[in-house]
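Below is the file data_38.cif, which contains mmCIF, C-alpha atoms.
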data_protein
#
loop_
_atom_site.label_atom_id
_atom_site.label_comp_id
_atom_site.auth_asym_id
_atom_site.auth_seq_id
_atom_site.Cartn_x
_atom_site.Cartn_y
_atom_site.Cartn_z
CA MET A 1 -9.09 100.18 -81.20
CA ALA A 2 -10.60 96.76 -80.91
CA ALA A 3 -13.45 95.92 -78.59
CA LEU A 4 -13.44 92.96 -76.22
CA ARG A 5 -14.90 89.84 -77.80
CA ASP A 6 -16.44 86.78 -76.20
CA GLY A 7 -13.72 84.40 -77.31
CA ASP A 8 -11.04 86.66 -75.83
CA PHE A 9 -11.39 85.50 -72.25
CA ALA A 10 -11.28 81.86 -73.27
CA ALA A 11 -8.07 82.61 -75.15
CA LEU A 12 -6.61 84.42 -72.12
CA GLN A 13 -6.72 81.23 -70.10
CA ILE A 14 -3.94 79.93 -72.34
CA LEU A 15 -1.72 82.10 -70.15
CA LEU A 16 -2.03 79.41 -67.48
CA LYS A 17 0.64 77.61 -69.49
CA ALA A 18 3.07 80.49 -69.10
CA PRO A 19 6.41 79.60 -67.43
CA SER A 20 6.41 82.57 -65.02
CA LYS A 21 4.62 85.70 -63.91
CA GLU A 22 7.40 87.70 -65.51
CA ALA A 23 6.64 86.09 -68.86
CA VAL A 24 3.00 87.10 -68.53
CA ARG A 25 4.01 90.64 -67.65
CA GLN A 26 6.34 90.85 -70.62
CA LEU A 27 3.70 89.54 -72.98
CA CYS A 28 1.09 92.00 -71.71
CA GLN A 29 3.39 94.92 -72.39
CA GLU A 30 4.28 93.72 -75.86
CA CYS A 31 0.67 93.12 -76.75
CA PHE A 32 -0.39 96.58 -75.66
CA SER A 33 2.37 98.38 -77.50
CA SER A 34 2.04 96.45 -80.71
CA PRO A 35 -0.18 97.95 -83.39
CA PRO A 36 -2.90 95.54 -84.64
CA GLY A 37 -0.96 94.86 -87.81
CA ALA A 38 2.11 93.59 -85.97
CA LEU A 39 0.26 91.07 -83.78
CA GLY A 40 0.94 88.19 -86.19
CA PRO A 41 4.73 88.30 -85.90
CA LEU A 42 4.39 88.86 -82.15
CA ALA A 43 2.29 85.69 -81.86
CA GLN A 44 4.95 83.73 -83.74
CA ARG A 45 7.62 84.92 -81.33
CA ALA A 46 5.46 84.01 -78.34
CA CYS A 47 4.80 80.43 -79.51
CA PRO A 48 7.96 78.69 -78.33
CA GLY A 49 8.00 80.31 -74.88
CA LEU A 50 4.47 79.08 -74.14
CA ALA A 51 4.60 75.71 -75.90
CA ILE A 52 1.36 76.36 -77.76
CA SER A 53 0.22 76.08 -81.34
CA ALA A 54 0.44 78.99 -83.75
CA GLU A 55 -3.33 79.35 -83.77
CA GLU A 56 -3.54 79.45 -79.98
CA ALA A 57 -0.75 82.03 -79.90
CA GLU A 58 -2.59 84.26 -82.31
CA GLN A 59 -5.80 84.10 -80.30
CA LEU A 60 -3.95 84.81 -77.07
CA VAL A 61 -1.99 87.75 -78.41
CA SER A 62 -5.08 89.25 -79.96
CA ALA A 63 -7.06 88.81 -76.73
CA LEU A 64 -4.36 90.42 -74.59
CA HIS A 65 -4.10 93.30 -77.04
CA ASN A 66 -7.84 93.87 -76.89
CA LEU A 67 -8.01 93.61 -73.11
CA THR A 68 -5.14 95.99 -72.40
CA ARG A 69 -6.27 98.50 -74.98
CA HIS A 70 -9.85 98.34 -73.75
CA VAL A 71 -8.81 99.15 -70.20
CA VAL A 72 -6.70 102.10 -71.37
CA TYR A 73 -9.48 103.33 -73.63
CA ARG A 74 -12.02 103.30 -70.84
CA GLY A 75 -9.55 104.88 -68.45
CA LEU A 76 -10.24 102.28 -65.78
CA THR A 77 -8.05 102.84 -62.75
CA ARG A 78 -9.57 100.77 -60.00
CA ALA A 79 -9.00 97.08 -59.45
CA GLU A 80 -12.75 96.45 -59.03
CA ASP A 81 -13.52 97.92 -62.46
CA ILE A 82 -10.95 95.73 -64.15
CA LEU A 83 -11.95 92.61 -62.21
CA CYS A 84 -15.56 92.94 -63.31
CA LEU A 85 -14.54 92.74 -66.95
CA PHE A 86 -13.74 89.06 -66.48
CA PRO A 87 -16.50 86.42 -66.66
CA GLU A 88 -17.61 84.52 -63.51
CA ASN A 89 -15.82 81.27 -64.22
CA PHE A 90 -12.46 82.82 -65.12
CA HIS A 91 -9.46 81.39 -63.27
CA GLN A 92 -9.22 83.39 -60.03
CA ASN A 93 -5.43 83.64 -59.68
CA LEU A 94 -4.90 84.49 -63.34
CA LYS A 95 -7.57 87.15 -63.09
CA ASN A 96 -5.81 88.74 -60.10
CA LEU A 97 -2.41 88.56 -61.79
CA LEU A 98 -3.63 90.19 -64.98
CA THR A 99 -5.40 92.92 -63.03
CA LYS A 100 -2.25 93.59 -61.02
CA ILE A 101 -0.09 93.77 -64.16
CA ILE A 102 -2.53 96.11 -65.86
CA LEU A 103 -2.73 98.43 -62.87
CA GLU A 104 1.07 98.62 -62.72
CA ASN A 105 1.30 99.68 -66.35
CA ILE A 106 -1.84 101.73 -66.81
CA SER A 107 -0.36 105.20 -66.52
CA ALA A 108 2.65 104.39 -68.71
CA TRP A 109 0.29 102.93 -71.29
CA ARG A 110 -1.95 105.95 -71.14
CA ASN A 111 1.03 108.23 -71.80
CA GLU A 112 2.07 106.02 -74.66
CA ALA A 113 -1.39 106.27 -76.20
CA GLN A 114 -1.39 110.02 -75.85
CA ALA A 115 2.08 110.39 -77.30
CA SER A 116 1.18 108.40 -80.38
CA GLN A 117 -2.18 109.98 -81.10
CA ILE A 118 -2.69 111.80 -84.37
CA SER A 119 -1.82 115.43 -84.42
CA LEU A 120 -0.51 118.16 -86.62
CA PRO A 121 3.27 118.17 -87.00
CA ARG A 122 4.76 118.67 -83.57
CA LEU A 123 7.33 121.11 -82.36
CA VAL A 124 10.32 119.19 -81.01
CA ASP A 125 12.91 121.91 -80.61
CA MET A 126 13.47 125.60 -81.09
CA ASP A 127 16.62 127.72 -81.32
CA TRP A 128 17.16 131.39 -81.92
CA ARG A 129 19.86 133.93 -82.57
CA VAL A 130 19.91 137.70 -82.85
CA ASP A 131 21.88 139.30 -85.70
CA ILE A 132 22.68 142.95 -86.38
CA LYS A 133 22.37 143.92 -90.03
CA THR A 134 25.08 146.46 -90.74
CA SER A 135 24.84 147.04 -94.47
CA SER A 136 22.77 146.25 -97.53
CA ASP A 137 22.35 147.37 -101.10
CA SER A 138 19.62 149.78 -100.08
CA ILE A 139 21.46 151.37 -97.14
CA VAL A 140 25.22 151.32 -96.87
CA ARG A 141 25.41 151.80 -93.12
CA MET A 142 22.83 150.67 -90.59
CA ALA A 143 22.49 148.77 -87.33
CA VAL A 144 19.25 146.86 -87.47
CA PRO A 145 18.78 143.95 -85.07
CA THR A 146 16.87 140.98 -86.40
CA CYS A 147 15.99 137.57 -85.02
CA LEU A 148 16.53 134.19 -86.67
CA LEU A 149 14.30 131.49 -85.30
CA GLN A 150 14.70 127.79 -86.08
CA LEU A 151 11.89 125.38 -85.34
CA LYS A 152 12.41 121.63 -85.53
CA ILE A 153 9.15 120.07 -86.53
CA GLN A 154 8.34 116.37 -86.48
CA GLU A 155 5.78 114.93 -88.82
CA ASP A 156 2.88 112.88 -87.44
CA ALA A 157 4.34 109.98 -85.45
CA ALA A 158 1.75 107.54 -86.78
CA LEU A 159 2.86 108.15 -90.36
CA CYS A 160 6.53 107.68 -89.74
CA GLY A 161 6.55 104.71 -87.37
CA ASN A 162 10.01 104.34 -85.94
CA ASN A 163 11.73 106.80 -88.25
CA PRO A 164 10.27 110.19 -87.45
CA VAL A 165 10.90 112.81 -90.08
CA VAL A 166 12.14 115.99 -88.49
CA SER A 167 12.40 119.08 -90.63
CA ALA A 168 14.08 122.31 -89.60
CA LEU A 169 12.46 125.59 -90.52
CA THR A 170 14.49 128.76 -90.15
CA MET A 171 12.72 132.09 -90.32
CA GLU A 172 13.57 135.72 -89.84
CA LEU A 173 11.61 138.07 -87.62
CA SER A 174 11.91 141.82 -87.48
CA LYS A 175 11.41 143.55 -84.17
CA GLU A 176 7.88 144.59 -85.16
CA THR A 177 6.95 141.02 -86.11
CA LEU A 178 8.33 139.75 -82.82
CA ASP A 179 6.32 142.32 -80.85
CA THR A 180 3.14 141.33 -82.64
CA MET A 181 3.89 137.66 -82.06
CA LEU A 182 4.49 138.23 -78.36
CA GLU A 183 1.21 140.09 -78.14
CA GLY A 184 -0.55 137.05 -79.61
CA LEU A 185 1.30 134.64 -77.32
CA GLY A 186 0.45 136.82 -74.33
CA ARG A 187 -3.21 136.64 -75.24
CA ILE A 188 -2.98 132.86 -75.41
CA ARG A 189 -1.38 132.80 -71.97
CA ASP A 190 -4.13 134.99 -70.54
CA GLN A 191 -6.83 132.80 -72.00
CA LEU A 192 -5.11 129.68 -70.72
CA SER A 193 -4.99 131.04 -67.19
CA ALA A 194 -8.63 132.10 -67.43
CA VAL A 195 -9.51 128.52 -68.38
CA ALA A 196 -7.30 127.08 -65.64
CA ASN A 197 -8.87 129.26 -62.99
CA LYS A 198 -12.44 128.33 -63.80
CA MET B 5 32.04 171.08 -109.35
CA GLY B 6 33.69 169.76 -106.20
CA LEU B 7 33.23 166.30 -104.65
CA LEU B 8 29.60 165.46 -104.03
CA ASN B 9 28.32 163.63 -100.96
CA PHE B 10 25.49 161.73 -102.52
CA THR B 11 27.40 160.04 -105.32
CA ARG B 12 30.92 159.16 -106.43
CA GLU B 13 30.01 158.93 -110.09
CA PRO B 14 29.97 161.89 -112.44
CA VAL B 15 26.60 163.59 -112.62
CA PRO B 16 24.77 163.69 -116.01
CA GLU B 17 25.27 166.94 -117.90
CA ALA B 18 21.57 167.76 -118.04
CA VAL B 19 21.51 168.25 -114.27
CA SER B 20 22.97 171.77 -114.17
CA GLY B 21 20.49 172.90 -116.83
CA ASP B 22 17.65 171.40 -114.79
CA MET B 23 18.86 173.13 -111.62
CA HIS B 24 18.94 176.41 -113.51
CA ASN B 25 15.30 175.89 -114.55
CA LEU B 26 14.37 175.07 -110.99
CA ASN B 27 15.83 178.35 -109.84
CA GLN B 28 13.31 180.12 -112.08
CA LEU B 29 10.39 178.74 -110.05
CA SER B 30 8.91 180.92 -107.32
CA ALA B 31 9.33 179.84 -103.74
CA GLN B 32 5.70 178.76 -103.62
CA GLN B 33 5.99 176.67 -106.78
CA PHE B 34 9.17 175.04 -105.53
CA SER B 35 7.54 174.19 -102.23
CA ALA B 36 4.54 172.61 -104.00
CA LEU B 37 6.84 170.54 -106.22
CA THR B 38 8.94 169.45 -103.23
CA GLU B 39 5.77 168.29 -101.49
CA VAL B 40 4.79 166.14 -104.49
CA LEU B 41 8.28 164.64 -104.57
CA PHE B 42 8.41 163.72 -100.90
CA ARG B 43 4.95 162.26 -101.01
CA PHE B 44 6.20 159.93 -103.75
CA LEU B 45 9.44 159.12 -101.90
CA THR B 46 7.55 158.14 -98.75
CA GLU B 47 5.04 156.06 -100.72
CA PRO B 48 7.03 154.70 -103.66
CA LYS B 49 4.24 152.35 -104.75
CA GLU B 50 1.93 155.24 -105.65
CA VAL B 51 3.39 155.77 -109.10
CA GLU B 52 0.06 156.63 -110.79
CA ARG B 53 -0.72 159.25 -108.19
CA PHE B 54 2.75 160.75 -108.53
CA LEU B 55 2.46 161.08 -112.31
CA THR B 56 -1.02 162.62 -111.99
CA GLN B 57 0.21 165.15 -109.45
CA LEU B 58 3.14 166.03 -111.71
CA SER B 59 0.91 166.71 -114.70
CA ASP B 60 -1.46 168.76 -112.50
CA PHE B 61 1.54 170.82 -111.36
CA ALA B 62 2.68 171.25 -114.96
CA ALA B 63 -0.77 172.41 -116.08
CA MET B 64 -1.26 174.79 -113.16
CA ASN B 65 2.11 176.45 -113.60
CA LYS B 66 2.14 176.45 -117.38
CA ILE B 67 5.25 174.27 -117.67
CA SER B 68 5.55 171.49 -120.24
CA LEU B 69 5.39 168.01 -118.73
CA GLY B 70 8.42 166.64 -120.61
CA PRO B 71 11.00 169.10 -119.27
CA LEU B 72 9.35 168.89 -115.85
CA LYS B 73 9.90 165.14 -115.75
CA ASN B 74 13.57 165.63 -116.59
CA ILE B 75 13.93 168.17 -113.81
CA VAL B 76 12.27 165.80 -111.36
CA LYS B 77 14.62 162.98 -112.43
CA SER B 78 17.60 165.19 -111.71
CA ILE B 79 16.31 166.28 -108.33
CA LEU B 80 15.56 162.74 -107.25
CA LEU B 81 19.20 161.72 -107.78
CA VAL B 82 20.13 163.54 -104.59
CA PRO B 83 17.66 162.09 -102.07
CA ASN B 84 18.18 158.56 -103.43
CA GLY B 85 21.94 158.79 -102.98
CA ALA B 86 21.55 160.57 -99.66
CA LEU B 87 19.35 157.79 -98.32
CA LYS B 88 21.84 155.11 -99.28
CA ARG B 89 24.70 156.98 -97.62
CA ASN B 90 22.85 158.23 -94.53
CA LEU B 91 23.62 161.87 -95.40
CA SER B 92 22.75 164.68 -93.02
CA SER B 93 20.59 167.60 -94.11
CA GLU B 94 23.68 169.89 -94.26
CA GLN B 95 25.30 167.48 -96.70
CA VAL B 96 22.13 167.38 -98.84
CA ARG B 97 22.01 171.17 -98.85
CA ALA B 98 25.69 171.40 -99.80
CA ASP B 99 25.17 168.96 -102.68
CA PHE B 100 22.25 170.90 -104.14
CA ILE B 101 24.25 174.12 -103.95
CA ALA B 102 27.19 172.38 -105.64
CA LEU B 103 24.81 171.27 -108.42
CA GLY B 104 23.69 174.85 -108.99
CA LEU B 105 20.48 175.23 -107.00
CA SER B 106 19.95 178.54 -105.20
CA GLU B 107 20.82 178.64 -101.49
CA GLU B 108 17.27 179.41 -100.52
CA LYS B 109 15.82 176.44 -102.40
CA ALA B 110 18.64 174.13 -101.30
CA SER B 111 18.02 175.01 -97.64
CA TYR B 112 14.30 174.46 -98.06
CA PHE B 113 14.78 171.05 -99.63
CA ALA B 114 17.31 170.04 -96.97
CA GLU B 115 14.83 171.03 -94.29
CA GLN B 116 12.14 168.81 -95.86
CA TRP B 117 14.72 166.05 -96.09
CA LYS B 118 15.39 166.28 -92.37
CA VAL B 119 11.69 166.02 -91.61
CA ASN B 120 11.13 163.02 -93.86
CA SER B 121 14.34 161.07 -93.36
CA PRO B 122 13.17 158.84 -90.48
CA THR B 123 10.29 157.58 -92.64
CA LEU B 124 12.54 157.18 -95.66
CA THR B 125 15.20 155.31 -93.68
CA ARG B 126 12.58 152.96 -92.28
CA LEU B 127 11.37 152.27 -95.81
CA ALA B 128 14.88 151.49 -97.02
CA VAL B 129 15.51 149.17 -94.08
CA GLY B 130 12.22 147.45 -94.83
CA GLN B 131 13.45 146.73 -98.33
CA THR B 132 16.53 144.97 -97.02
CA LEU B 133 16.80 141.29 -97.75
CA MET B 134 15.02 138.98 -95.29
CA ILE B 135 15.29 135.21 -95.37
CA ASN B 136 12.04 133.28 -94.88
CA GLN B 137 10.36 136.24 -93.32
CA LEU B 138 7.58 135.49 -90.88
CA ILE B 139 4.57 137.37 -92.22
CA ASP B 140 1.72 136.22 -90.04
CA MET B 141 0.87 133.92 -87.19
CA GLU B 142 -2.56 132.47 -86.45
CA TRP B 143 -3.32 130.29 -83.48
CA LYS B 144 -5.97 128.25 -81.84
CA PHE B 145 -5.98 126.15 -78.75
CA GLY B 146 -8.43 123.64 -77.48
CA VAL B 147 -8.94 120.48 -75.57
CA THR B 148 -8.57 116.99 -76.95
CA ALA B 149 -11.76 115.36 -75.76
CA GLY B 150 -11.14 111.79 -76.85
CA SER B 151 -9.30 109.64 -79.33
CA SER B 152 -9.54 106.17 -80.80
CA GLU B 153 -7.19 104.97 -78.07
CA LEU B 154 -8.43 106.96 -75.12
CA GLU B 155 -12.12 107.54 -74.51
CA LYS B 156 -11.61 110.60 -72.32
CA VAL B 157 -8.51 112.68 -72.71
CA GLY B 158 -8.93 116.30 -71.59
CA SER B 159 -5.50 117.54 -72.59
CA ILE B 160 -4.84 121.00 -73.94
CA PHE B 161 -3.23 121.48 -77.34
CA LEU B 162 -2.07 124.61 -79.07
CA GLN B 163 -1.89 124.91 -82.86
CA LEU B 164 0.02 127.60 -84.67
CA LYS B 165 -0.16 128.49 -88.33
CA LEU B 166 2.91 130.43 -89.43
CA VAL B 167 2.90 132.20 -92.78
CA ILE B 168 6.44 132.35 -94.16
CA LYS B 169 7.56 134.25 -97.23
CA LYS B 170 9.88 131.99 -99.21
CA GLY B 171 11.22 134.00 -102.12
CA SER B 172 8.09 135.45 -103.66
CA GLN B 173 5.71 132.72 -102.43
CA LEU B 174 3.93 132.37 -99.15
CA GLU B 175 4.11 129.06 -97.35
CA ASN B 176 1.92 127.95 -94.47
CA VAL B 177 3.51 125.92 -91.69
CA TYR B 178 1.33 124.17 -89.13
CA VAL B 179 2.75 123.19 -85.75
CA GLU B 180 1.23 121.73 -82.64
CA LEU B 181 2.61 122.45 -79.19
CA THR B 182 1.94 120.98 -75.80
CA LEU B 183 1.32 123.31 -72.92
CA PRO B 184 4.83 123.07 -71.41
CA GLN B 185 6.28 123.68 -74.87
CA PHE B 186 4.12 126.76 -75.25
CA TYR B 187 5.34 128.27 -71.98
CA SER B 188 8.91 127.50 -72.91
CA PHE B 189 8.40 129.08 -76.36
CA LEU B 190 6.87 132.19 -74.81
CA HIS B 191 9.77 132.45 -72.37
CA GLU B 192 12.34 132.18 -75.18
CA MET B 193 10.56 134.79 -77.30
CA GLU B 194 10.60 137.18 -74.37
CA ARG B 195 14.33 136.66 -74.08
CA VAL B 196 14.69 137.44 -77.79
CA LYS B 197 12.73 140.65 -77.32
CA THR B 198 14.99 141.72 -74.47
CA SER B 199 18.00 140.98 -76.63
CA LEU B 200 16.64 142.92 -79.63
CA GLU B 201 15.76 145.86 -77.44
CA SER B 202 19.22 146.06 -75.96
CA PHE B 203 20.63 146.43 -79.49
CA SER B 204 18.14 149.00 -80.77
#

Encoding of this model in C-alpha cells:
Amino acid sequence: MAALRDGDFAALQILLKAPSKEAVRQLCQECFSSPPGALGPLAQRACPGLAISAEEAEQLVSALHNLTRHVVYRGLTRAEDILCLFPENFHQNLKNLLTKIILENISAWRNEAQASQISLPRLVDMDWRVDIKTSSDSIVRMAVPTCLLQLKIQEDAALCGNNPVVSALTMELSKETLDTMLEGLGRIRDQLSAVANK
Amino acid sequence: MGLLNFTREPVPEAVSGDMHNLNQLSAQQFSALTEVLFRFLTEPKEVERFLTQLSDFAAMNKISLGPLKNIVKSILLVPNGALKRNLSSEQVRADFIALGLSEEKASYFAEQWKVNSPTLTRLAVGQTLMINQLIDMEWKFGVTAGSSELEKVGSIFLQLKLVIKKGSQLENVYVELTLPQFYSFLHEMERVKTSLESFS
C-alpha cells in the first residue's frame, strides 16, 4: 500500500484534460483495482484517451492509485474527510468530482480489498453423501453408515492472480468422528454468540 | 464331521486332538483360559501380554507351553470365523460340539462369545477400509484487525486444521472460512448427522 506523496496532487490535476466525467470515473476504478506492478501498462492505455505524454500518464495513474488506496486504507467515509486530503489550491470542481467518485465506490472497493487479502486456503464449496457399508474382508455382512465429505479449497488468491487453483479434498467420517466434529463446531458457535452478545 | 458354520474349508487334523486335550481341563481351568483368550480378542494389539498370560497359565497348570499354543490356535479358529460371518452364540456352540469339545465347555464358550461379540464386532468394523479418514480437527477463530490494504478491518475468520489419514501417512489440511460459510457448514453437518442416525 503506497502512501500519498506531495507530487501526487499536482499529477492529479492532469485529469482536467479528461474528455468526460465518465472517463475520470473509469480511470479511478482501474487505478484502484490495479496492483502496483500493473500500473505501467495501465498508464500506456490511458495515454491516448487523455492526450498526454507517457510520463504524465504514469504520474497520473500512480497518483490516482495512491489516492484511492489511501482512502480505502484509512476507511474514510465522509466527504469532509476526503476533501481535506486535497491541498488548498487544488482545482475546486475536480476536487468535488473526485470526492464524489470515491464515495460512490468506497464500499465496493473495501469489499474488493477484503476479498483479496492474504489468508489460508479458503473453503469455496462443500458436498457430502452418506453411504452404507454392507460388506468387507473383515465382516461379510454389516450395515454401517459412513459419510463422505468433499471440500473444495482455493489457494491464496494473491498467489494465483486470475487463475485460482481449486483443489478438491474428499474424506470419510465415521459416525463417531462426525459427532466429535459437531461437538467442536457447536462450541465454536457458542463462543461466537458470546462474542456477538458482548 | 458335519457342515461347520464358521468355515467352509476343511479343518486341520490337529484340531480334534486339541479339542480332546481341552476336554481334560477342569471347568475352572477352561474358564481361566477362555478369559485370557477373550482379553486378547478384544485387545488384539496386546500380543506381549497375551503370550505372558499364556505362559503363566501353562506354568500354573503344569501344561507345556508348546502344546498349549497349538490348542489356543485351534480354539481361535472358531471365534475368528464366527466374527466374519456374524454367527450367533448357538451356532458357535454347535461348531465347538461338532469339533469335539464337551457340551459343557462349548456352552460356556458360546456364552462368553455372546457377551463379547458387540465389542468384537465394533473392532472388526473399525478395521474396515476407510478412504482419507478424518482423524482430528483443530480450530481457532479470531478477528482480522487490519491489513496492508485496510487499516481497520474487524472481520471474523475461522481456521480449521483437518488431519487426514492418506494411506499410512497423516496429512494436515488448513482451511479458512468466513462466518456465513461456517454457519452453512454447521447446518450441513447437522443434516449429515440426522441422515446417519436414520440409518443406524

- Take the PyMOL selection byres ((chain A) within 6 of (chain B)), apply it to the structure above, and return the hits as an MDAnalysis selection string. chainID A and resid 73:74 120:123 138:140 145 171:173

- Message: Can you measure CA of Ser93 (chain B) to CA of Glu107 (chain B) for me? One decimal in Å is fine.
- Response: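 Computing the Euclidean distance for CA of Ser93 (chain B) and CA of Glu107 (chain B) yields 13.3 Å.
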
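Once the PyMOL selection byres ((chain A and resi 133) around 8) is applied to the shown structure, the selection contains Asp131, Ile132, Thr134, Ser135, Ser136, Met142, Ala143, Val144, Pro145 and Thr146 of chain A.
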
- Task: Take the PyMOL selection byres ((chain B and resi 53-60) around 12), apply it to the structure above, and return the hits as an MDAnalysis selection string.
- Result: chainID B and resid 36:52 61:77

- Query: So what do you get for CA of Gly49 (chain A) versus CA of Trp109 (chain A), distance-wise?
  - Reply: 24.2 Å

- Rounded to one decimal in Å, what is the spacing between CA of Val130 (chain A) and CA of Gly186 (chain A)?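 Answer for the CA of Val130 (chain A) to CA of Gly186 (chain A) separation: 21.3 Å.
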
- Exercise: region 9-23 of chain B partners within 7 Å, all atoms listed in the file, chain neighbours under 2 positions left out, as a PyMOL selection string: chain B and resi 7+25-27+75+78+82+85-86+89+95+99+103-105

- Message: My list of candidates is A:Cys147, A:Asp127, A:Asn197, A:Ile82. Which is closest to Lys95 (chain A) when distances are computed with only C-alpha atoms?
- Response: A:Ile82

- Query: Smallest atom-to-atom distance to Ala113 (chain A): which of A:Arg187, A:Arg129, A:Arg69, A:Lys152, using only C-alpha atoms?
  - Reply: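 The shortest atom-to-atom distance to Ala113 (chain A) comes from A:Arg69.
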
- Write out as a list in words each polymer residue whose atoms come within 12 Å of Glu104 (chain A), counting all atoms listed in the file; drop sequence neighbours fewer than 5 positions from it.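 My reading of the contact set: Arg25, Cys28, Gln29, Thr68, Thr77, Arg78, Ala79, Leu97, Leu98, Thr99, Trp109 and Arg110 of chain A.
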
- Find, counting only C-alpha atoms, the residue in A:Asn93, A:Ser167, A:Ser62, A:Ser33 that gets nearest to Leu4 (chain A). A:Ser62

Could you give me the axis-aligned bounding box of region 55-63 of chain B, with 8 Å of padding per side, as centre plus edge lengths in Å to one decimal, as AutoDock Vina command-line options?
--center_x 0.8 --center_y 166.7 --center_z -112.8 --size_x 20.6 --size_y 27.3 --size_z 22.6
